[in-house]
>>> print(open('final20.cif').read())   # mmCIF, C-alpha atoms
data_target
#
loop_
_atom_site.label_atom_id
_atom_site.label_comp_id
_atom_site.auth_asym_id
_atom_site.auth_seq_id
_atom_site.Cartn_x
_atom_site.Cartn_y
_atom_site.Cartn_z
CA MET A 54 35.30 39.54 2.07
CA ALA A 55 35.59 36.43 -0.11
CA PRO A 56 34.56 33.94 2.65
CA ILE A 57 31.50 36.07 3.48
CA VAL A 58 30.52 36.22 -0.19
CA ASP A 59 30.90 32.45 -0.41
CA SER A 60 28.65 32.04 2.64
CA LEU A 61 25.97 34.25 1.12
CA LEU A 62 26.20 32.29 -2.12
CA ASP A 63 25.81 29.02 -0.19
CA CYS A 64 22.78 30.46 1.60
CA VAL A 65 21.14 31.49 -1.67
CA LEU A 66 21.82 28.10 -3.24
CA ILE A 67 20.64 26.02 -0.28
CA VAL A 68 17.65 28.08 0.83
CA GLY A 69 16.60 29.54 -2.50
CA GLY A 70 17.21 26.38 -4.49
CA SER A 71 15.34 24.18 -2.01
CA THR A 72 12.38 26.57 -1.97
CA LEU A 73 12.11 26.72 -5.76
CA ILE A 74 12.24 22.92 -6.06
CA ALA A 75 9.64 22.48 -3.30
CA VAL A 76 7.21 24.96 -4.84
CA ALA A 77 7.69 23.43 -8.29
CA GLY A 78 6.92 20.00 -6.81
CA MET A 79 3.76 21.34 -5.20
CA PHE A 80 2.51 22.75 -8.51
CA LEU A 81 3.24 19.41 -10.19
CA VAL A 82 1.26 17.49 -7.55
CA ARG A 83 -1.68 19.89 -7.78
CA LYS A 84 -1.68 19.41 -11.55
CA LYS A 85 -1.42 15.62 -11.55
CA ILE A 86 -3.58 14.66 -8.55
CA SER A 87 -7.25 15.56 -8.18
CA ARG A 88 -8.66 17.70 -5.41
CA GLN A 89 -10.76 14.81 -4.05
CA ALA A 90 -7.72 12.58 -3.68
CA LEU A 91 -5.82 15.26 -1.78
CA GLU A 92 -8.72 16.16 0.50
CA ALA A 93 -9.13 12.49 1.38
CA CYS A 94 -5.65 12.59 2.94
CA HIS A 95 -6.33 15.57 5.23
CA GLU A 96 -7.42 13.71 8.35
CA VAL A 97 -4.65 11.11 8.44
CA GLY A 98 -2.06 13.35 6.80
CA GLY A 99 -2.38 16.02 9.48
CA ILE A 100 -1.71 13.53 12.29
CA MET A 101 1.24 11.94 10.48
CA LEU A 102 2.74 15.34 9.64
CA ALA A 103 2.60 16.34 13.32
CA ILE A 104 4.39 13.13 14.39
CA VAL A 105 7.06 13.24 11.69
CA GLY A 106 7.57 16.98 12.13
CA THR A 107 8.12 16.62 15.88
CA LEU A 108 10.66 13.82 15.45
CA TYR A 109 12.48 15.76 12.76
CA ALA A 110 12.54 18.91 14.88
CA ILE A 111 14.23 16.97 17.70
CA LEU A 112 16.84 15.61 15.30
CA VAL A 113 17.57 19.02 13.77
CA GLY A 114 17.71 20.65 17.20
CA LEU A 115 20.30 18.18 18.46
CA ILE A 116 22.47 18.58 15.37
CA VAL A 117 22.28 22.39 15.47
CA VAL A 118 23.21 22.45 19.17
CA ASN A 119 26.13 20.10 18.50
CA SER A 120 27.34 22.23 15.59
CA GLN A 121 27.12 25.44 17.62
CA GLY A 122 28.96 23.70 20.43
CA ARG A 123 31.86 23.01 18.06
CA VAL A 124 31.99 26.69 17.14
CA ASP A 125 32.04 27.71 20.82
CA ALA A 126 34.77 25.15 21.52
CA ALA A 127 36.82 26.48 18.60
CA SER A 128 36.56 30.03 19.94
CA GLN A 129 37.59 28.87 23.41
CA MET A 130 40.55 26.93 22.03
CA ALA A 131 41.67 29.98 20.05
CA VAL A 132 41.61 32.01 23.28
CA THR A 133 43.56 29.25 25.03
CA GLU A 134 46.22 29.14 22.30
CA SER A 135 46.86 32.89 22.42
CA ASN A 136 46.74 33.00 26.25
CA MET A 137 49.23 30.16 26.61
CA LEU A 138 51.68 31.95 24.33
CA SER A 139 51.40 35.01 26.56
CA ASN A 140 51.81 32.96 29.74
CA ILE A 141 54.91 31.15 28.47
CA TYR A 142 56.42 34.46 27.35
CA HIS A 143 56.01 36.03 30.79
CA LEU A 144 57.07 32.92 32.70
CA SER A 145 60.32 32.82 30.72
CA LYS A 146 61.33 36.04 32.51
CA THR A 147 62.64 33.91 35.39
CA PHE A 148 64.96 31.95 33.08
CA LYS A 149 68.53 32.88 32.37
CA ASP A 150 69.93 33.80 28.98
CA PRO A 151 70.38 32.43 26.38
CA ALA A 152 67.39 30.16 27.15
CA ARG A 153 65.06 33.09 27.84
CA ARG A 154 66.03 34.87 24.64
CA LYS A 155 65.58 31.73 22.50
CA ILE A 156 62.17 30.93 24.00
CA ARG A 157 60.90 34.44 23.40
CA GLU A 158 62.21 34.51 19.83
CA THR A 159 60.48 31.19 19.13
CA ILE A 160 57.19 32.41 20.62
CA HIS A 161 57.33 35.47 18.36
CA GLU A 162 58.02 33.25 15.35
CA TYR A 163 55.10 31.01 16.29
CA ALA A 164 52.73 33.98 16.67
CA VAL A 165 53.69 35.38 13.27
CA ALA A 166 53.21 32.01 11.56
CA VAL A 167 49.88 31.23 13.21
CA VAL A 168 48.36 34.61 12.30
CA LYS A 169 49.71 34.97 8.76
CA GLU A 170 49.65 31.35 7.60
CA ASP A 171 47.75 28.78 9.68
CA TRP A 172 44.62 30.79 10.40
CA SER A 173 44.29 32.13 6.88
CA LYS A 174 44.24 28.54 5.59
CA VAL A 175 42.06 26.89 8.21
CA GLU A 176 39.40 29.58 7.71
CA SER A 177 39.05 28.51 4.07
CA ASP A 178 38.96 24.80 4.97
CA GLN A 179 42.55 24.18 3.86
CA GLU A 180 45.47 22.61 5.71
CA LYS A 181 48.57 24.63 6.54
CA GLU A 182 50.81 24.04 9.56
CA GLU A 183 53.50 26.67 9.26
CA THR A 184 53.84 26.71 13.07
CA ILE A 185 55.21 23.15 13.27
CA PRO A 186 58.95 24.13 13.27
CA ALA A 187 58.44 26.84 15.90
CA TYR A 188 56.21 24.57 17.97
CA ARG A 189 58.75 21.74 18.03
CA ARG A 190 61.60 24.09 18.76
CA LEU A 191 59.66 25.67 21.63
CA TRP A 192 59.16 22.25 23.21
CA ALA A 193 62.86 21.44 22.76
CA GLU A 194 64.03 24.72 24.26
CA ILE A 195 61.77 24.42 27.30
CA THR A 196 62.38 20.75 28.05
CA SER A 197 66.16 21.13 27.67
CA TYR A 198 66.29 23.89 30.28
CA ASN A 199 67.49 22.89 33.76
CA PRO A 200 65.98 25.22 36.40
CA GLN A 201 68.18 25.74 39.45
CA GLU A 202 66.51 28.25 41.77
CA ALA A 203 63.17 27.65 43.51
CA ASN A 204 61.44 30.42 41.56
CA GLU A 205 62.68 28.98 38.27
CA GLN A 206 61.44 25.52 39.22
CA GLN A 207 57.94 26.75 40.05
CA CYS A 208 57.67 28.75 36.84
CA TYR A 209 59.11 25.82 34.87
CA ALA A 210 56.39 23.46 36.15
CA THR A 211 53.69 26.00 35.27
CA MET A 212 55.23 26.51 31.83
CA LEU A 213 55.07 22.79 31.08
CA ASN A 214 51.36 22.79 31.96
CA ASN A 215 50.85 25.77 29.66
CA MET A 216 52.67 23.96 26.86
CA GLU A 217 50.28 21.01 27.27
CA ASP A 218 47.30 23.38 26.97
CA LEU A 219 48.89 25.00 23.92
CA SER A 220 49.35 21.56 22.34
CA ALA A 221 45.70 20.67 22.98
CA ALA A 222 44.53 23.93 21.40
CA ARG A 223 46.72 23.37 18.32
CA LYS A 224 45.48 19.80 18.00
CA PHE A 225 41.85 20.92 18.15
CA ARG A 226 42.49 23.55 15.47
CA THR A 227 44.06 21.04 13.11
CA VAL A 228 41.36 18.39 13.61
CA ALA A 229 38.12 20.35 14.09
CA SER A 230 38.04 21.76 10.56
CA LYS A 231 38.23 18.23 9.10
CA SER A 232 35.77 16.40 11.36
CA GLY A 233 32.36 17.44 10.10
CA LEU A 234 28.97 15.77 10.27
CA SER A 235 29.07 12.11 9.24
CA PRO A 236 27.56 11.10 5.87
CA VAL A 237 24.95 8.99 7.71
CA LEU A 238 23.66 11.99 9.66
CA TRP A 239 23.67 14.14 6.53
CA THR A 240 21.59 11.49 4.76
CA VAL A 241 19.08 11.31 7.62
CA LEU A 242 18.92 15.10 7.89
CA LEU A 243 18.29 15.69 4.19
CA ALA A 244 15.90 12.74 3.80
CA GLY A 245 13.87 13.97 6.77
CA GLY A 246 13.64 17.48 5.33
CA VAL A 247 12.51 16.16 1.97
CA GLY A 248 9.91 13.97 3.70
CA ILE A 249 8.46 16.93 5.62
CA VAL A 250 8.11 18.95 2.41
CA LEU A 251 6.49 15.99 0.63
CA PHE A 252 3.92 15.73 3.42
CA THR A 253 2.77 19.29 2.63
CA TYR A 254 1.75 18.09 -0.84
CA PHE A 255 -0.98 15.85 0.61
CA PHE A 256 -3.18 18.83 1.45
CA PHE A 257 -5.42 20.90 -0.76
CA VAL A 258 -5.93 24.62 -0.07
CA GLU A 259 -8.48 26.45 -2.18
CA ASN A 260 -6.27 29.52 -2.40
CA MET A 261 -3.26 28.51 -4.50
CA LEU A 262 -1.19 31.48 -3.31
CA ALA A 263 -1.77 30.55 0.33
CA GLN A 264 -0.63 26.97 -0.19
CA THR A 265 2.40 28.16 -2.16
CA LEU A 266 3.42 30.49 0.67
CA MET A 267 2.94 27.81 3.32
CA THR A 268 5.02 25.30 1.37
CA ALA A 269 7.70 27.94 0.77
CA PHE A 270 7.84 28.89 4.48
CA VAL A 271 8.18 25.27 5.60
CA THR A 272 10.98 24.73 3.10
CA ILE A 273 12.75 27.95 4.07
CA PHE A 274 12.75 27.09 7.78
CA ILE A 275 14.09 23.59 7.13
CA SER A 276 16.74 24.69 4.63
CA MET A 277 17.91 27.50 6.92
CA ASN A 278 18.68 24.93 9.61
CA VAL A 279 20.50 22.83 7.04
CA TYR A 280 22.48 25.93 6.02
CA ILE A 281 23.47 26.64 9.63
CA ILE A 282 24.65 23.06 10.07
CA HIS A 283 26.59 23.27 6.80
CA LEU A 284 28.19 26.56 7.89
CA CYS A 285 29.30 25.18 11.25
CA GLN A 286 31.04 22.15 9.77
CA ASN A 287 34.21 24.25 9.74
CA PRO A 288 34.04 26.14 13.07
CA TYR A 289 36.97 28.32 12.00
CA ARG A 290 35.21 30.04 9.13
CA LEU A 291 35.82 33.78 9.20
CA GLU A 292 32.18 34.72 9.66
CA LEU A 293 31.86 32.56 12.80
CA GLY A 294 34.43 34.65 14.65
CA ALA A 295 36.69 31.99 16.22
CA LYS A 296 39.89 33.74 15.12
CA VAL A 297 38.65 37.07 16.44
CA ALA A 298 38.16 35.50 19.86
CA GLY A 299 41.81 34.49 20.17
CA PHE A 300 43.95 36.14 17.51
CA GLY A 301 41.83 39.02 16.32
CA GLY A 302 41.16 42.50 17.60
CA SER A 303 44.22 43.98 19.25
CA PHE A 304 46.33 40.80 19.10
CA THR A 305 49.69 41.29 17.44
CA PRO A 306 52.84 39.12 17.34
CA ASN A 307 54.80 42.23 18.32
CA TRP A 308 53.70 41.55 21.88
CA PHE A 309 56.28 38.78 21.98
CA ILE A 310 59.31 40.81 20.97
CA ASP A 311 61.80 40.86 23.85
CA ARG A 312 61.78 44.57 24.73
CA THR A 313 64.79 44.27 27.03
CA GLU A 314 66.96 42.77 24.32
CA HIS A 315 65.55 45.20 21.78
CA ALA A 316 66.32 48.14 24.07
CA SER A 317 69.88 46.86 24.71
CA THR A 318 70.48 46.41 21.00
CA GLN A 319 69.10 49.86 20.28
CA ALA A 320 71.22 51.39 23.02
CA GLY A 321 74.35 49.68 21.68
CA SER A 322 73.56 50.89 18.19
CA ASN A 323 73.03 54.45 19.42
CA ALA A 324 76.30 54.34 21.38
CA GLU A 325 78.14 53.09 18.31
CA LYS A 326 76.66 55.86 16.19
CA GLU A 327 77.57 58.43 18.84
CA THR A 328 81.18 57.16 18.95
CA GLU A 329 81.44 57.36 15.19
CA SER A 330 79.96 60.85 15.27
CA ASN A 331 82.42 62.02 17.93
CA GLY A 332 85.30 60.52 15.99
CA ALA A 333 84.20 62.29 12.84
CA ALA A 334 83.86 65.59 14.71
CA LYS A 335 87.36 65.30 16.16
CA GLU A 336 88.73 64.51 12.74
CA ASN A 337 87.03 67.58 11.31
CA GLU A 338 88.42 69.74 14.10
CA LYS A 339 91.90 68.35 13.49
CA ASN A 340 91.68 69.09 9.78
CA ALA A 341 90.30 72.57 10.42
CA ALA A 342 93.01 73.55 12.96
CA PRO A 343 95.62 76.10 11.67
CA LYS A 344 99.02 74.70 10.90
#
>>> encode(input="final20.cif", output="structure tokens")
Amino acid sequence: MAPIVDSLLDCVLIVGGSTLIAVAGMFLVRKKISRQALEACHEVGGIMLAIVGTLYAILVGLIVVNSQGRVDAASQMAVTESNMLSNIYHLSKTFKDPARRKIRETIHEYAVAVVKEDWSKVESDQEKEETIPAYRRLWAEITSYNPQEANEQQCYATMLNNMEDLSAARKFRTVASKSGLSPVLWTVLLAGGVGIVLFTYFFFVENMLAQTLMTAFVTIFISMNVYIIHLCQNPYRLELGAKVAGFGGSFTPNWFIDRTEHASTQAGSNAEKETESNGAAKENEKNAAPK
């Protein structure tokens, strides 16, 4: 809940703060500048506001689309990362032990680390790469394997392609949260928004409440776009849903536990317990037999 609360707080500060400052500026202008001076600006001011507003709308639209595109790409890369883990796990079925067992153990270790450590940090705009050891070991285990049979060779080639896709998804996750909007674009975006609001001060409306509401609405619409752009700078924020797309919902690292090995281990354990039980029973019978 903490990331969502932080997002709501950011929204209140950006939208609410901008609106209060804009309305306060309007009252100051109305107090300092005469009605005649403001009305004299209506004809030219209206034309200039239309031109500047259109240009600013184009700029904001492009930035918003770009920011949303980064969020969509992050969701897709999260899906790719989880899917490639599943593909590699199933393709390893054609390999012989101990290579198959090691690959599956490493995949399980990677899945646990990415869910419990990496994603929890990247969502809060922090850096944590707990999957690095498992990722490197997975590459080493796959590339050191020498497939012999035709089926192994085909699956091996596919597995290498899946590892490349997994690497690309990991790289995007580690870079995307740090590559936000450039300071130049932020400067242009904020300066343009301030300029639009300042243009609304060059008009005089007889009804003070009406002009206050119009200025507030213009500021709210502009600041809401700025808030969306700010929110999308880290496309892995919890409220944007990128993790849910790939590692949320029903996803669990337990998928990558080798059931065959687990079943064999369990069977061996049960057999050992049964042997011990039979031995104990025979010992009891021996002790209970009449002498």
>>> atom_distance(input="final20.cif", atom1="CA of Lys149 in chain A", atom2="CA of Asn307 in chain A")
21.8 Å
>>> atom_distance(input="final20.cif", atom1="CA of Leu219 in chain A", atom2="CA of Tyr188 in chain A")
9.4 Å
>>> atom_distance(input="final20.cif", atom1="CA of Gly106 in chain A", atom2="CA of Gln89 in chain A")
24.5 Å
>>> resolve_selection(input="final20.cif", expression="the PyMOL selection byres ((chain A and resi 214) around 12)", output="list of chain:residue names")
A:Met137, A:Leu138, A:Asn140, A:Ile141, A:Leu144, A:Trp192, A:Ile195, A:Thr196, A:Gln207, A:Cys208, A:Tyr209, A:Ala210, A:Thr211, A:Met212, A:Leu213, A:Asn215, A:Met216, A:Glu217, A:Asp218, A:Leu219, A:Ser220, A:Ala221
>>> closest_residue(input="final20.cif", among="A:Val279, A:Val297, A:Val258, A:Ile74", to="Glu92 in chain A", atoms="all atoms listed in the file")
A:Val258
>>> resolve_selection(input="final20.cif", expression="the PyMOL selection byres ((chain A and resi 101-103) around 12)", output="list in words")
Cys94, His95, Glu96, Val97, Gly98, Gly99, Ile100, Ile104, Val105, Gly106, Thr107, Leu108, Tyr109, Ala110, Gly245, Gly246, Gly248, Ile249, Val250, Leu251, Phe252, Thr253, Tyr254, Phe255 and Phe256 of chain A
>>> write_last_selection(input="final20.cif", atoms="C-alpha atoms", output="compact mmCIF listing (two decimals), keeping the file's coordinate frame")
# COMPACT_ATOMS: atom_id res chain seq x y z
CA CYS A 94 -5.65 12.59 2.94
CA HIS A 95 -6.33 15.57 5.23
CA GLU A 96 -7.42 13.71 8.35
CA VAL A 97 -4.65 11.11 8.44
CA GLY A 98 -2.06 13.35 6.80
CA GLY A 99 -2.38 16.02 9.48
CA ILE A 100 -1.71 13.53 12.29
CA ILE A 104 4.39 13.13 14.39
CA VAL A 105 7.06 13.24 11.69
CA GLY A 106 7.57 16.98 12.13
CA THR A 107 8.12 16.62 15.88
CA LEU A 108 10.66 13.82 15.45
CA TYR A 109 12.48 15.76 12.76
CA ALA A 110 12.54 18.91 14.88
CA GLY A 245 13.87 13.97 6.77
CA GLY A 246 13.64 17.48 5.33
CA GLY A 248 9.91 13.97 3.70
CA ILE A 249 8.46 16.93 5.62
CA VAL A 250 8.11 18.95 2.41
CA LEU A 251 6.49 15.99 0.63
CA PHE A 252 3.92 15.73 3.42
CA THR A 253 2.77 19.29 2.63
CA TYR A 254 1.75 18.09 -0.84
CA PHE A 255 -0.98 15.85 0.61
CA PHE A 256 -3.18 18.83 1.45
>>> residues_near_point(input="final20.cif", point="(60.4, 28.1, 16.6)", cutoff="9 Å", atoms="all atoms listed in the file", output="PyMOL selection string")
chain A and resi 155-156+158-163+184-192
>>> residues_around(input="final20.cif", residues="Leu73 in chain A", least_positions_apart="5", cutoff="12 Å", atoms="all atoms listed in the file", output="number ranges by chain")
A: 65-68, 78-80, 250, 265-266, 268-270, 272-273, 276
>>> closest_residue(input="final20.cif", among="A:Val165, A:Glu292, A:Ala298, A:Ala222", to="Met130 in chain A", atoms="all atoms listed in the file")
A:Ala222
>>> residues_around(input="final20.cif", residues="range 232-243 of chain A", least_positions_apart="2", cutoff="12 Å", atoms="only C-alpha atoms", output="compact mmCIF listing (two decimals) with C-alpha atoms, in the frame of the given file")
# COMPACT_ATOMS: atom_id res chain seq x y z
CA ILE A 67 20.64 26.02 -0.28
CA SER A 71 15.34 24.18 -2.01
CA LEU A 108 10.66 13.82 15.45
CA TYR A 109 12.48 15.76 12.76
CA ALA A 110 12.54 18.91 14.88
CA ILE A 111 14.23 16.97 17.70
CA LEU A 112 16.84 15.61 15.30
CA VAL A 113 17.57 19.02 13.77
CA GLY A 114 17.71 20.65 17.20
CA LEU A 115 20.30 18.18 18.46
CA ILE A 116 22.47 18.58 15.37
CA VAL A 117 22.28 22.39 15.47
CA ASN A 119 26.13 20.10 18.50
CA SER A 120 27.34 22.23 15.59
CA ARG A 123 31.86 23.01 18.06
CA VAL A 124 31.99 26.69 17.14
CA ASP A 178 38.96 24.80 4.97
CA PHE A 225 41.85 20.92 18.15
CA ARG A 226 42.49 23.55 15.47
CA THR A 227 44.06 21.04 13.11
CA VAL A 228 41.36 18.39 13.61
CA ALA A 229 38.12 20.35 14.09
CA SER A 230 38.04 21.76 10.56
CA GLY A 245 13.87 13.97 6.77
CA GLY A 246 13.64 17.48 5.33
CA VAL A 247 12.51 16.16 1.97
CA GLY A 248 9.91 13.97 3.70
CA ILE A 249 8.46 16.93 5.62
CA VAL A 250 8.11 18.95 2.41
CA THR A 272 10.98 24.73 3.10
CA ILE A 275 14.09 23.59 7.13
CA SER A 276 16.74 24.69 4.63
CA ASN A 278 18.68 24.93 9.61
CA VAL A 279 20.50 22.83 7.04
CA TYR A 280 22.48 25.93 6.02
CA ILE A 282 24.65 23.06 10.07
CA HIS A 283 26.59 23.27 6.80
CA LEU A 284 28.19 26.56 7.89
CA CYS A 285 29.30 25.18 11.25
CA GLN A 286 31.04 22.15 9.77
CA ASN A 287 34.21 24.25 9.74
CA PRO A 288 34.04 26.14 13.07
CA TYR A 289 36.97 28.32 12.00
>>> axis_aligned_box(input="final20.cif", around="range 247-256 of chain A", padding_each_side="6 Å", output="lines of an AutoDock Vina configuration file")
center_x = 4.7
center_y = 16.6
center_z = 2.4
size_x = 27.7
size_y = 17.3
size_z = 18.5
>>> resolve_selection(input="final20.cif", expression="the PyMOL selection byres ((chain A and resi 308) around 10)", output="list in words")
Ser139, Tyr142, Ile160, His161, Ala164, Phe304, Thr305, Pro306, Asn307, Phe309, Ile310, Asp311 and Arg312 of chain A
>>> residues_near_point(input="final20.cif", point="(46.2, 36.0, 15.3)", cutoff="10 Å", atoms="all atoms listed in the file", output="number ranges by chain")
A: 131, 134-135, 164-173, 296-306
>>> closest_residue(input="final20.cif", among="A:Met261, A:Val76, A:Leu293, A:Ala203", to="Thr147 in chain A", atoms="only C-alpha atoms")
A:Ala203
>>> closest_residue(input="final20.cif", among="A:Phe257, A:Ala127, A:Ala244, A:Thr133", to="Ala90 in chain A", atoms="only C-alpha atoms")
A:Phe257
>>> closest_residue(input="final20.cif", among="A:Glu259, A:Ala295, A:Asn199, A:Gln121", to="Leu91 in chain A", atoms="all atoms listed in the file")
A:Glu259
